[in-house]
Every structure is written in structure tokens, then in C-alpha cells.
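Peer 1: work_39.txt (compact mmCIF, C-alpha atoms) pasted underneath:
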# COMPACT_ATOMS: atom_id res chain seq x y z
CA MET A 1 2.56 -3.03 -15.37
CA GLY A 2 0.58 0.07 -16.27
CA VAL A 3 -2.91 0.95 -15.06
CA LEU A 4 -4.37 0.35 -18.52
CA GLY A 5 -2.84 -3.13 -18.60
CA GLN A 6 -4.32 -3.92 -15.19
CA LEU A 7 -7.77 -2.79 -16.34
CA ILE A 8 -7.60 -4.91 -19.50
CA LEU A 9 -6.52 -7.91 -17.42
CA ALA A 10 -9.42 -7.32 -15.01
CA TYR A 11 -11.83 -7.35 -17.95
CA ALA A 12 -10.30 -10.58 -19.28
CA ALA A 13 -10.44 -12.29 -15.88
CA VAL A 14 -14.11 -11.39 -15.32
CA LEU A 15 -14.96 -12.55 -18.85
CA GLY A 16 -13.16 -15.83 -18.18
CA PHE A 17 -14.95 -16.46 -14.90
CA GLY A 18 -18.24 -15.64 -16.62
CA LEU A 19 -17.50 -18.34 -19.21
CA ILE A 20 -16.75 -20.88 -16.46
CA LEU A 21 -19.99 -20.05 -14.61
CA ASN A 22 -21.93 -20.16 -17.88
CA ILE A 23 -23.60 -16.77 -17.55
CA PRO A 24 -25.84 -15.73 -20.51
CA HIS A 25 -23.68 -14.45 -23.36
CA GLN A 26 -25.64 -11.16 -23.48
CA ALA A 27 -24.36 -10.42 -19.97
CA LEU A 28 -20.64 -11.16 -20.53
CA ASN A 29 -19.64 -7.72 -21.80
CA LEU A 30 -21.50 -5.79 -19.12
CA ALA A 31 -20.11 -8.00 -16.34
CA GLY A 32 -16.63 -7.41 -17.74
CA TRP A 33 -17.15 -3.65 -17.62
CA ILE A 34 -18.39 -3.79 -14.04
CA GLY A 35 -15.25 -5.73 -13.12
CA THR A 36 -13.04 -3.22 -14.94
CA LEU A 37 -14.67 -0.16 -13.35
CA THR A 38 -14.52 -1.55 -9.82
CA TRP A 39 -10.93 -2.70 -10.28
CA GLY A 40 -10.18 0.87 -11.38
CA ALA A 41 -11.69 2.14 -8.12
CA TYR A 42 -9.56 -0.39 -6.22
CA LEU A 43 -6.42 0.83 -8.01
CA LEU A 44 -7.29 4.45 -7.18
CA ILE A 45 -7.54 3.57 -3.49
CA GLN A 46 -4.27 1.65 -3.69
CA ALA A 47 -2.63 4.71 -5.26
CA ALA A 48 -3.91 6.83 -2.33
CA ASP A 49 -2.43 4.32 0.16
CA GLY A 50 -5.88 3.19 1.27
CA GLY A 51 -4.91 -0.44 1.79
CA VAL A 52 -6.28 -3.70 0.42
CA VAL A 53 -9.20 -3.95 2.87
CA LEU A 54 -10.66 -0.51 2.10
CA GLY A 55 -10.09 -1.17 -1.61
CA SER A 56 -12.02 -4.42 -1.42
CA LEU A 57 -14.82 -2.71 0.51
CA VAL A 58 -15.22 0.04 -2.07
CA GLY A 59 -14.89 -2.48 -4.89
CA SER A 60 -17.63 -4.72 -3.55
CA VAL A 61 -19.96 -1.77 -2.88
CA GLY A 62 -19.41 -0.73 -6.50
CA ILE A 63 -20.03 -4.27 -7.73
CA GLY A 64 -23.24 -4.54 -5.71
CA VAL A 65 -24.70 -1.24 -6.93
CA LEU A 66 -23.60 -1.56 -10.57
CA SER A 67 -24.80 -5.20 -10.75
CA SER A 68 -28.21 -4.22 -9.48
CA LEU A 69 -28.44 -1.43 -12.06
CA ALA A 70 -27.25 -3.81 -14.79
CA ALA A 71 -29.79 -6.40 -13.63
CA ARG A 72 -32.60 -3.88 -13.94
CA TYR A 73 -31.36 -2.74 -17.35
CA LYS A 74 -30.88 -6.27 -18.78
CA LYS A 75 -33.82 -7.82 -16.83
CA MET A 76 -31.60 -10.61 -15.50
CA PRO A 77 -30.78 -11.72 -11.93
CA ALA A 78 -28.13 -9.60 -10.23
CA ILE A 79 -25.93 -12.59 -9.33
CA ILE A 80 -25.13 -13.01 -13.04
CA PHE A 81 -23.19 -9.76 -12.84
CA ASN A 82 -21.79 -9.70 -9.33
CA ILE A 83 -20.31 -13.19 -9.04
CA PRO A 84 -18.01 -12.95 -12.09
CA SER A 85 -16.97 -9.36 -11.35
CA LEU A 86 -16.00 -10.32 -7.82
CA VAL A 87 -13.27 -12.70 -9.02
CA SER A 88 -10.50 -10.07 -9.01
CA PHE A 89 -11.22 -9.25 -5.36
CA VAL A 90 -10.93 -12.83 -4.09
CA PRO A 91 -7.96 -12.89 -1.66
CA GLY A 92 -6.39 -15.79 -3.58
CA SER A 93 -2.81 -14.72 -3.01
CA GLN A 94 -3.27 -14.28 0.75
CA ALA A 95 -5.23 -17.53 1.08
CA TYR A 96 -2.42 -19.39 -0.68
CA GLN A 97 0.23 -17.85 1.56
CA MET A 98 -1.89 -18.85 4.56
CA VAL A 99 -2.03 -22.51 3.47
CA ARG A 100 1.64 -22.51 2.49
CA ASN A 101 2.84 -21.15 5.82
CA PHE A 102 0.62 -23.50 7.79
CA ALA A 103 2.03 -26.43 5.78
CA LEU A 104 5.60 -25.24 6.35
CA GLY A 105 4.97 -24.78 10.09
CA GLN A 106 5.53 -21.01 10.07
CA TYR A 107 2.51 -20.32 12.23
CA ARG A 108 3.20 -16.63 12.96
CA LEU A 109 3.14 -15.77 9.27
CA ALA A 110 0.24 -18.15 8.72
CA VAL A 111 -1.91 -16.43 11.33
CA GLU A 112 -1.01 -13.06 9.85
CA PHE A 113 -2.25 -14.15 6.43
CA THR A 114 -5.34 -15.78 7.97
CA LEU A 115 -6.28 -12.46 9.53
CA GLN A 116 -5.77 -10.73 6.19
CA VAL A 117 -8.04 -13.25 4.45
CA ILE A 118 -10.71 -12.83 7.13
CA MET A 119 -10.52 -9.04 6.93
CA ILE A 120 -10.75 -8.93 3.14
CA THR A 121 -13.63 -11.43 3.07
CA GLY A 122 -15.40 -9.47 5.79
CA ALA A 123 -14.89 -6.24 3.86
CA ILE A 124 -16.45 -7.82 0.77
CA ALA A 125 -19.44 -9.07 2.79
CA LEU A 126 -19.87 -5.66 4.44
CA GLY A 127 -19.60 -4.07 1.00
CA PHE A 128 -22.48 -6.21 -0.22
CA LEU A 129 -24.55 -5.15 2.79
CA LEU A 130 -23.86 -1.46 2.09
CA ALA A 131 -24.62 -2.01 -1.59
CA GLU A 132 -27.96 -3.59 -0.66
CA LEU A 133 -28.77 -0.49 1.39
CA LEU A 134 -27.85 1.78 -1.53
CA ASN A 135 -29.86 -0.38 -3.93
CA ARG A 136 -32.99 -0.05 -1.78
CA LEU A 137 -32.40 3.71 -1.62
CA ILE A 138 -32.00 3.93 -5.41
CA ALA A 139 -35.13 1.82 -5.96
CA PHE A 140 -37.10 4.01 -3.53
CA CYS A 141 -35.96 7.26 -5.18
CA TRP A 142 -36.73 5.84 -8.63
CA GLN A 143 -40.23 4.92 -7.49
CA GLN A 144 -40.77 8.43 -6.10
CA VAL A 145 -39.62 9.96 -9.39
CA LEU A 146 -42.03 7.73 -11.32
CA LEU A 147 -44.88 8.62 -8.97
CA ALA A 148 -44.15 12.34 -9.27
CA ARG A 149 -44.11 12.04 -13.05
CA GLN A 150 -47.43 10.19 -13.02
CA ASN A 151 -49.03 12.81 -10.78
CA HIS A 152 -47.72 15.51 -13.08
CA GLN A 153 -49.41 13.91 -16.07
CA ASP A 154 -52.78 13.49 -14.30
CA MET B 1 -53.32 -33.25 -13.22
CA THR B 2 -55.67 -30.82 -11.52
CA THR B 3 -54.91 -27.11 -11.69
CA ASP B 4 -53.63 -27.04 -8.10
CA GLU B 5 -51.26 -29.90 -8.82
CA LEU B 6 -50.02 -28.23 -11.98
CA ILE B 7 -49.42 -24.94 -10.16
CA ILE B 8 -47.44 -26.68 -7.42
CA ALA B 9 -45.52 -28.83 -9.90
CA THR B 10 -44.60 -25.76 -11.96
CA CYS B 11 -43.48 -23.74 -8.94
CA LEU B 12 -41.44 -26.64 -7.55
CA LYS B 13 -39.80 -27.27 -10.91
CA ALA B 14 -38.85 -23.60 -11.23
CA GLY B 15 -37.53 -23.56 -7.66
CA ARG B 16 -35.57 -26.77 -8.08
CA ILE B 17 -33.88 -25.62 -11.31
CA MET B 18 -32.90 -22.32 -9.71
CA VAL B 19 -31.45 -23.83 -6.53
CA GLU B 20 -29.65 -26.58 -8.47
CA ASN B 21 -27.92 -24.06 -10.69
CA GLY B 22 -26.70 -21.59 -8.09
CA SER B 23 -29.39 -18.98 -7.46
CA GLU B 24 -29.70 -17.28 -4.08
CA ILE B 25 -32.63 -18.44 -1.93
CA SER B 26 -34.57 -15.19 -1.72
CA ARG B 27 -34.79 -15.03 -5.50
CA VAL B 28 -36.10 -18.61 -5.67
CA ASP B 29 -38.72 -17.81 -3.04
CA ASP B 30 -39.71 -14.66 -4.89
CA THR B 31 -39.98 -16.39 -8.28
CA MET B 32 -42.09 -19.26 -6.90
CA MET B 33 -44.48 -16.85 -5.15
CA ARG B 34 -44.78 -14.77 -8.31
CA ILE B 35 -45.64 -17.81 -10.43
CA ALA B 36 -48.20 -18.92 -7.83
CA THR B 37 -49.77 -15.46 -7.60
CA ASN B 38 -49.95 -15.08 -11.36
CA ALA B 39 -51.49 -18.55 -11.60
CA GLY B 40 -54.27 -17.44 -9.27
CA VAL B 41 -53.18 -18.62 -5.80
CA PRO B 42 -51.83 -15.64 -3.86
CA ASP B 43 -51.98 -17.48 -0.52
CA ALA B 44 -49.33 -20.10 -1.24
CA ASN B 45 -46.51 -20.98 1.15
CA THR B 46 -43.03 -21.82 -0.01
CA TYR B 47 -40.11 -23.11 1.99
CA VAL B 48 -36.80 -23.16 0.16
CA THR B 49 -33.52 -24.61 1.37
CA ILE B 50 -30.52 -25.68 -0.67
CA THR B 51 -31.35 -29.37 -0.22
CA GLY B 52 -35.09 -29.23 -0.87
CA VAL B 53 -38.03 -27.10 -1.95
CA MET B 54 -41.51 -27.32 -0.39
CA MET B 55 -44.74 -25.67 -1.32
CA SER B 56 -48.33 -25.74 -0.16
CA ILE B 57 -51.52 -23.91 -1.03
CA GLN B 58 -53.31 -22.56 2.00
CA GLY B 59 -56.71 -24.07 2.72
CA ARG B 60 -56.45 -26.85 0.17
CA ASN B 61 -55.03 -30.32 0.54
CA ALA B 62 -52.07 -29.66 -1.70
CA THR B 63 -48.49 -29.89 -0.52
CA GLN B 64 -45.48 -31.20 -2.41
CA ILE B 65 -41.76 -31.53 -1.79
CA ALA B 66 -38.94 -31.54 -4.34
CA ALA B 67 -35.61 -32.90 -3.10
CA ILE B 68 -32.38 -31.42 -4.45
CA ASN B 69 -29.51 -33.87 -4.56
CA LYS B 70 -27.10 -32.32 -7.01
CA ARG B 71 -25.92 -28.77 -7.30
CA THR B 72 -23.98 -27.44 -10.25
CA ILE B 73 -23.33 -23.91 -11.43
CA ASP B 74 -25.13 -22.74 -14.54
CA LEU B 75 -26.25 -19.15 -14.15
CA GLU B 76 -27.79 -19.14 -17.63
CA LYS B 77 -30.55 -21.50 -16.42
CA VAL B 78 -31.29 -19.22 -13.46
CA SER B 79 -31.64 -16.35 -15.90
CA GLN B 80 -33.87 -18.39 -18.23
CA VAL B 81 -36.27 -19.36 -15.42
CA ASN B 82 -36.36 -15.71 -14.41
CA ALA B 83 -37.22 -14.68 -17.97
CA LEU B 84 -39.96 -17.34 -18.20
CA SER B 85 -41.49 -16.12 -14.94
CA ARG B 86 -41.54 -12.59 -16.36
CA GLN B 87 -43.26 -13.82 -19.54
CA PHE B 88 -45.82 -15.68 -17.43
CA ALA B 89 -46.47 -12.55 -15.38
CA ALA B 90 -47.01 -10.57 -18.59
CA ARG B 91 -49.52 -13.25 -19.75
CA GLN B 92 -47.42 -14.08 -22.82
CA ILE B 93 -47.48 -17.81 -21.98
CA ASP B 94 -49.97 -19.93 -20.03
CA LEU B 95 -49.31 -22.36 -17.18
CA PRO B 96 -48.96 -25.63 -19.19
CA THR B 97 -46.57 -23.90 -21.60
CA LEU B 98 -44.54 -22.58 -18.66
CA TYR B 99 -44.31 -26.11 -17.25
CA ARG B 100 -43.20 -27.53 -20.61
CA ARG B 101 -40.58 -24.80 -21.08
CA LEU B 102 -39.24 -25.41 -17.56
CA ASN B 103 -38.82 -29.10 -18.41
CA LEU B 104 -36.88 -28.12 -21.53
CA ILE B 105 -34.58 -25.84 -19.50
CA ASP B 106 -34.05 -28.61 -16.96
CA GLN B 107 -32.86 -31.04 -19.62
CA ALA B 108 -30.73 -28.56 -21.57
CA ALA B 109 -26.95 -28.91 -21.52
CA HIS B 110 -24.41 -26.20 -20.72
CA SER B 111 -24.64 -23.59 -23.45
CA PHE B 112 -20.92 -22.84 -23.42
CA PRO B 113 -18.99 -25.88 -24.75
CA LEU B 114 -16.03 -27.31 -22.85
CA TRP B 115 -13.41 -25.61 -25.01
CA LEU B 116 -14.94 -22.21 -24.31
CA GLN B 117 -14.90 -22.96 -20.58
CA LEU B 118 -11.23 -23.88 -20.90
CA VAL B 119 -10.61 -20.54 -22.61
CA GLY B 120 -12.38 -19.03 -19.61
CA ALA B 121 -10.08 -20.88 -17.22
CA ALA B 122 -7.05 -19.62 -19.16
CA LEU B 123 -8.42 -16.05 -19.02
CA VAL B 124 -8.94 -16.31 -15.27
CA SER B 125 -5.62 -17.87 -14.29
CA GLY B 126 -3.12 -15.83 -16.33
CA PRO B 127 -4.51 -12.28 -15.90
CA LEU B 128 -5.25 -12.73 -12.19
CA MET B 129 -1.73 -14.00 -11.55
CA ILE B 130 -0.32 -10.87 -13.23
CA MET B 131 -2.75 -8.62 -11.31
CA PHE B 132 -1.98 -10.17 -7.94
CA ARG B 133 1.77 -10.62 -8.27
CA ASP B 134 2.77 -7.80 -10.63
CA GLU B 135 5.02 -9.92 -12.83
CA THR B 136 4.73 -11.44 -16.31
CA VAL B 137 7.59 -13.97 -16.38
CA ASN B 138 5.40 -16.89 -15.28
CA THR B 139 2.35 -16.07 -17.42
CA TRP B 140 2.52 -19.00 -19.86
CA PRO B 141 3.12 -21.76 -17.32
CA THR B 142 0.26 -20.31 -15.23
CA VAL B 143 -2.14 -20.21 -18.17
CA VAL B 144 -1.33 -23.77 -19.24
CA ILE B 145 -1.43 -25.21 -15.71
CA GLY B 146 -4.60 -23.31 -14.79
CA THR B 147 -6.38 -24.59 -17.90
CA LEU B 148 -5.14 -28.13 -17.27
CA GLY B 149 -6.28 -27.97 -13.65
CA TYR B 150 -9.75 -26.86 -14.66
CA LEU B 151 -9.95 -29.61 -17.30
CA VAL B 152 -9.02 -32.25 -14.71
CA PHE B 153 -11.58 -30.82 -12.27
CA TYR B 154 -14.29 -30.76 -14.95
CA LEU B 155 -13.71 -34.34 -16.12
CA LEU B 156 -13.41 -35.79 -12.59
CA ASN B 157 -16.50 -33.90 -11.42
CA ARG B 158 -18.41 -35.26 -14.39
CA TYR B 159 -17.57 -38.92 -13.74
CA LEU B 160 -16.93 -39.08 -9.96
CA LYS B 161 -19.67 -36.57 -9.07
CA ILE B 162 -17.94 -35.71 -5.78
CA LYS B 163 -17.02 -32.04 -6.04
CA PHE B 164 -14.61 -31.89 -3.12
CA LEU B 165 -12.63 -34.94 -4.28
CA SER B 166 -12.32 -33.47 -7.78
CA GLU B 167 -11.08 -30.20 -6.31
CA LEU B 168 -8.55 -32.02 -4.15
CA VAL B 169 -7.14 -33.99 -7.08
CA ALA B 170 -7.09 -30.90 -9.33
CA ALA B 171 -5.22 -28.92 -6.64
CA LEU B 172 -2.72 -31.76 -6.22
CA LEU B 173 -2.10 -31.85 -9.97
CA ILE B 174 -1.75 -28.05 -10.17
CA GLY B 175 0.80 -28.15 -7.37
CA LEU B 176 2.77 -31.00 -8.96
CA ALA B 177 2.67 -29.37 -12.41
CA ALA B 178 3.88 -26.06 -10.95
CA GLU B 179 6.72 -27.91 -9.20
CA TRP B 180 7.58 -29.64 -12.48
CA ALA B 181 7.51 -26.34 -14.42
CA TYR B 182 9.84 -24.86 -11.82
CA GLN B 183 12.22 -27.87 -11.92
CA VAL B 184 12.59 -27.81 -15.71
CA GLY B 185 13.15 -24.05 -15.64
CA TRP B 186 9.95 -23.07 -17.45
CA GLY B 187 8.68 -20.99 -14.56
CA THR B 188 10.70 -19.01 -12.02
CA ASN B 189 8.28 -18.77 -9.07
CA ILE B 190 6.25 -21.80 -8.02
CA ASN B 191 4.02 -19.73 -5.67
CA ASP B 192 2.82 -17.42 -8.44
CA ILE B 193 2.04 -20.33 -10.76
CA ILE B 194 -0.01 -22.10 -8.08
CA ILE B 195 -1.94 -18.94 -7.13
CA GLY B 196 -2.89 -18.27 -10.75
CA GLY B 197 -3.61 -21.92 -11.50
CA LEU B 198 -6.02 -22.27 -8.59
CA MET B 199 -8.10 -19.17 -9.39
CA PRO B 200 -10.52 -20.87 -11.86
CA LEU B 201 -11.47 -23.33 -9.08
CA VAL B 202 -12.30 -20.64 -6.50
CA PRO B 203 -15.78 -21.34 -5.00
CA GLY B 204 -17.16 -17.95 -6.05
CA VAL B 205 -20.84 -18.88 -6.25
CA PRO B 206 -21.18 -20.62 -2.84
CA LEU B 207 -19.15 -17.83 -1.21
CA THR B 208 -21.22 -14.99 -2.65
CA ASN B 209 -24.50 -16.79 -2.04
CA ALA B 210 -23.51 -17.64 1.54
CA VAL B 211 -23.16 -13.94 2.26
CA ARG B 212 -26.30 -12.95 0.38
CA ASP B 213 -28.48 -15.70 1.90
CA THR B 214 -27.31 -15.00 5.43
CA LEU B 215 -27.88 -11.27 5.03
CA ALA B 216 -31.36 -11.97 3.65
CA GLY B 217 -32.18 -13.92 6.83
CA ASN B 218 -32.01 -17.44 5.41
CA PHE B 219 -30.15 -18.92 8.35
CA ILE B 220 -30.37 -22.50 7.08
CA SER B 221 -29.15 -22.03 3.53
CA GLY B 222 -26.65 -19.24 4.17
CA PRO B 223 -24.44 -21.10 6.65
CA ALA B 224 -24.91 -24.33 4.67
CA ARG B 225 -23.46 -22.65 1.61
CA GLY B 226 -20.71 -21.24 3.80
CA VAL B 227 -19.82 -24.82 4.76
CA GLU B 228 -19.84 -25.78 1.07
CA ALA B 229 -17.48 -22.92 0.24
CA MET B 230 -15.21 -23.74 3.21
CA LEU B 231 -15.04 -27.42 2.21
CA SER B 232 -14.10 -26.45 -1.34
CA ALA B 233 -11.45 -24.04 -0.08
CA ALA B 234 -10.18 -26.68 2.35
CA ALA B 235 -9.96 -29.30 -0.42
CA LEU B 236 -7.95 -26.91 -2.59
CA GLY B 237 -5.77 -25.88 0.34
CA PHE B 238 -5.12 -29.45 1.41
CA GLY B 239 -4.11 -30.48 -2.10
CA ILE B 240 -1.60 -27.63 -2.24
CA ALA B 241 -0.36 -28.26 1.31
CA VAL B 242 0.48 -31.87 0.41
CA VAL B 243 2.58 -30.73 -2.55
CA ILE B 244 4.34 -28.04 -0.49
CA THR B 245 5.26 -30.47 2.29
CA LEU B 246 6.48 -33.07 -0.23
CA PHE B 247 8.98 -30.74 -1.88
Before we go any further, please render this structure as C-alpha cells.

Peer 2:
Amino acid sequence: MGVLGQLILAYAAVLGFGLILNIPHQALNLAGWIGTLTWGAYLLIQAADGGVVLGSLVGSVGIGVLSSLAARYKKMPAIIFNIPSLVSFVPGSQAYQMVRNFALGQYRLAVEFTLQVIMITGAIALGFLLAELLNRLIAFCWQQVLLARQNHQD
Amino acid sequence: MTTDELIIATCLKAGRIMVENGSEISRVDDTMMRIATNAGVPDANTYVTITGVMMSIQGRNATQIAAINKRTIDLEKVSQVNALSRQFAARQIDLPTLYRRLNLIDQAAHSFPLWLQLVGAALVSGPLMIMFRDETVNTWPTVVIGTLGYLVFYLLNRYLKIKFLSELVAALLIGLAAEWAYQVGWGTNINDIIIGGLMPLVPGVPLTNAVRDTLAGNFISGPARGVEAMLSAAALGFGIAVVITLF
């Protein structure tokens, strides 16, 4: 499975989740691109042996920042962009292995997968927090630029 | 209706629609305060939780509560209320018009028809399975079972109106269908089929909003949404666990 294939699949998955959540159709394409770009960042980190947790962290920071920019550009709430694009980062595979091993009574493996799920979910939450920080910084800088421009004109 | 009553009714309607359809709490709070300010009452108080919205105008005998009993996910409605609030702020529409438009939004049906949502479910289950598991042998069984699982969830949720029960039954069916596909030799790996098939049912909105609400300091709604997400995940997990222990 090549990188290009993975990126196309990421776009398709985000588009699909957007359809399920009924996001406005004007937002579908942009949400898909955010999902594709952040999945690309995740793949880059995987290629550099960064691990799933760091990949998810960087991915969710990217989703948070890009969604906020997209929200400002499209004048729509940010959740319209960040919930669908997050779908590829959901630890579905690990969560399933967790349930499966608990059901089969293999508790050592089950606990291992539980920890993985907790770490990935925590990384995504932390990523959102960092993204919020960056968003405030971007908004502040943007305001300063606007103010400077206004002063220049006066 | 007096002006005060209309202002409160409009704000509550906007807040209720947004919470019912999956908005985060801070946005609801913000939108209601904006509508109130633009309608001429800057000193309003709002209190928003995921089971009810309250609002009062300081110094006047005007307080109302709107209870929220059902929650679905329709992000288009959240966006529409947002757009209306912007139009109201820009003085393009007046308060009675805003109230009428909000009523229209409230009654509107899903804008994507069921078949398009099923296409969405197919797009989620197949591609994610390939991305997670790095194999393409089980793509078609995953796509078909994922779509079927979402259809079952959608229909049950529509008529039973108990989300967790619908998720449980859908997960059971996905597990059984994956087992069947494996038995008849259509699929080669039952785990991969189940992982892909479950992905359209992932509680993405409650999970994301739980994090966002908690970080924003809404310690009632954030953890409550976390419980909602955990119950959904537990229902899905239990359904699958039953199938795994049976076979």
C-alpha cells in the first residue's frame, strides 16, 4: 500500500464520516483535505519511527489548527472540520484488540492494548489543547497585524 | 409576547437546537450571548448543560428554561444557527425573523438522505480497515458489513430511540456477519472485518466534545459527554465480546 493510496483512503474516510455526521456540503471537501494533510504528517512520523502516540499528537495539533483556520475562512463552527478529520486517528484497531483479549481472558495482552488506547486518546486530547494555544496565538498575531495596518492608514 | 420574552425564547431556541445537534457548550453559550447582546440586552445570563438550557435577563423578571431530552448529531443545523446569528449581528434580519427561521431549522430533516449516509458508512469502513491493517483482501466484506451495520443502527435508533441499545444490536450483527463471512470463505480475517465494520459507529462527536468542553471549563457537560461516549464504546465492545466468546 503506497503513501498516495493511504492519502486517498484518508480523504475518502473523512468524507464518509462527514456524510454520516451531516456536515454542510460546502465543508466536505475542505474537511477531507484537512484529514489528508494530517494523515500525511502522521505517515511522515511513522516513517521516522516516531511511534503511534507522537503521530496522533502531531495529527491532532494539525487538525485543531487547520480546522480553526478553515472555520474562519468558511465562517462555520470549527467542530464541522475537526470531528470528521479525526476519524482516521481513532484507535479503533487497538480498542478492538482490547475488547477481544478481555473477552478471551488474555488479560496481559488486554491491559497492554488498554494502555495503548489510553495513551493515544490522551495524545489526541493534549493535541487539541496545544492546538487551542496555537489558535489563540494566531488570532492574537492576526489582530496585531490588523491594528498595525489600521494605524498605518490613519 | 413582550420583547423580553421573545429575546429569551429566541436565545433558548438557538441554544436548544445547537446542543441537540452536537455543538460544544462554549459555542452555544457564546451564540446565545451574542443574540441577546445584539437584541439589546447585554446583561443576560445563560447557563448551558447538555440536558437543559437556562437564561435570564438581569434586573427584570424574565427567566426561562428549555429542557433537552433527545440528542442527535446533525452538524449542518449547528452551522445554520451559527450563520443566522451572524446575519442577526450584521442587522440583515430582525428578531421575529430570526425566531421564525430558527423554528424552520428545528423542524427540518437531515439534509443528506439515508442512501448518502450509507455511502458515507461504506467510505468509512473500507478505507479505514485498509489504513489500519495494511491489507486489501477483506475490503469488500468490510464495506458491505460496515454499511449493513450502520443501516441497522440507523433504523433501530429511529424506532427504538435508545442509542446504546441500537449500538449493541448493530455491534452484535456486525460480529455475526463477520463470522459468517469468514465461515463461507468470503473474508480471511474476522478481526479486520469487525474493526472496519465498527468504524462508522464510533462515538466521534461525544468524544471530541467531551475533551473540548472539559478543557473549556464546563465540568458538568464535559464529563457527562465522556460518560455518553464511554457508554457507546461499551455497548459496541460488549456486542463484539459476546460474538467473540460464542465462537

Peer 1: Please compute the atom CA of A:Ile63-atom CA of A:Glu132 distance, one decimal, in Å.

Peer 2: 10.6 Å

Peer 1: At a cut-off of 6 Å, which residues of chain A touch chain B? Count all atoms listed in the file and give the answer as a PyMOL selection string.

Peer 2: chain A and resi 9+12-13+16-17+19-24+76+93+99+103

Peer 1: So the first atom is atom CA of B:Ile50 and the second is atom CA of B:Ala229; what is the distance between them in Å, to one decimal place?

Peer 2: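 Interatomic distance, atom CA of B:Ile50 to atom CA of B:Ala229: 13.4 Å.
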
Peer 1: Separation of atom CA of B:Ile145 and atom CA of B:Ile193, in Å?

Peer 2: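 Atom-to-atom, atom CA of B:Ile145 to atom CA of B:Ile193, that is 7.8 Å.
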
Peer 1: If we count only C-alpha atoms, what is near A:Leu54 at a cut-off of 10 Å, once residues fewer than 3 positions away on the same chain are taken out, given as an mmCIF file with C-alpha atoms, in the coordinates of the input?

Peer 2:
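And here's around.cif as it stands now:
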data_model
loop_
_atom_site.group_PDB
_atom_site.id
_atom_site.type_symbol
_atom_site.label_atom_id
_atom_site.label_comp_id
_atom_site.auth_asym_id
_atom_site.auth_seq_id
_atom_site.Cartn_x
_atom_site.Cartn_y
_atom_site.Cartn_z
ATOM 1 C CA TYR A 42 -9.560 -0.390 -6.220
ATOM 2 C CA ILE A 45 -7.540 3.570 -3.490
ATOM 3 C CA GLN A 46 -4.270 1.650 -3.690
ATOM 4 C CA ASP A 49 -2.430 4.320 0.160
ATOM 5 C CA GLY A 50 -5.880 3.190 1.270
ATOM 6 C CA GLY A 51 -4.910 -0.440 1.790
ATOM 7 C CA LEU A 57 -14.820 -2.710 0.510
ATOM 8 C CA VAL A 58 -15.220 0.040 -2.070
ATOM 9 C CA GLY A 59 -14.890 -2.480 -4.890
ATOM 10 C CA SER A 60 -17.630 -4.720 -3.550
ATOM 11 C CA MET A 119 -10.520 -9.040 6.930
ATOM 12 C CA ILE A 120 -10.750 -8.930 3.140
ATOM 13 C CA ALA A 123 -14.890 -6.240 3.860
ATOM 14 C CA ILE A 124 -16.450 -7.820 0.770
ATOM 15 C CA GLY A 127 -19.600 -4.070 1.000
#

Peer 1: Can you pull out every residue within 7 Å of A:Val65, counting all atoms listed in the file, but drop anything in the same chain fewer than 5 positions away, and send it as a ChimeraX atom specification?

Peer 2: /A:131,134-135

Peer 1: What lies within 12 Å of B:Trp180 using only C-alpha atoms, ignoring chain neighbours under 5 positions off, as a list of chain:residue names?

Peer 2: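 The residues satisfying every condition are B:Pro141, B:Ile145, B:Leu173, B:Ile174, B:Gly175, B:Gly185, B:Trp186, B:Gly187, B:Thr188, B:Asn189, B:Ile190, B:Ile193, B:Ile194, B:Val243, B:Phe247.
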
Peer 1: Pick the closest to B:Met230 from A:Ala10, A:Ala95, A:Ala47, A:Ala78: which is it, counting all atoms listed in the file?

Peer 2: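 Comparing A:Ala10, A:Ala95, A:Ala47, A:Ala78 against B:Met230, the winner is A:Ala95.
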
Peer 1: Please identify all polymer residues within 7 Å of A:Val87, counting all atoms listed in the file, omitting same-chain residues fewer than 3 positions from it, and present them as an NGL selection string.

Peer 2: :A and (14 or 84 or 90)

Peer 1: Between A:Gly62, A:Gly55, A:Gly2, A:Pro91, which has the minimum distance to A:Trp33 (counting all atoms listed in the file)?

Peer 2: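 Smallest separation from A:Trp33 among the options: A:Gly62.
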
Peer 1: Residues proximal to (-43.7, -22.8, -19.6) were defined as those with any atom within 12 Å of that point in the file's coordinates, counting all atoms listed in the file. Which are they, as a PyMOL selection string?

Peer 2: chain B and resi 6-7+9-11+13-14+35+39+80-89+91-106
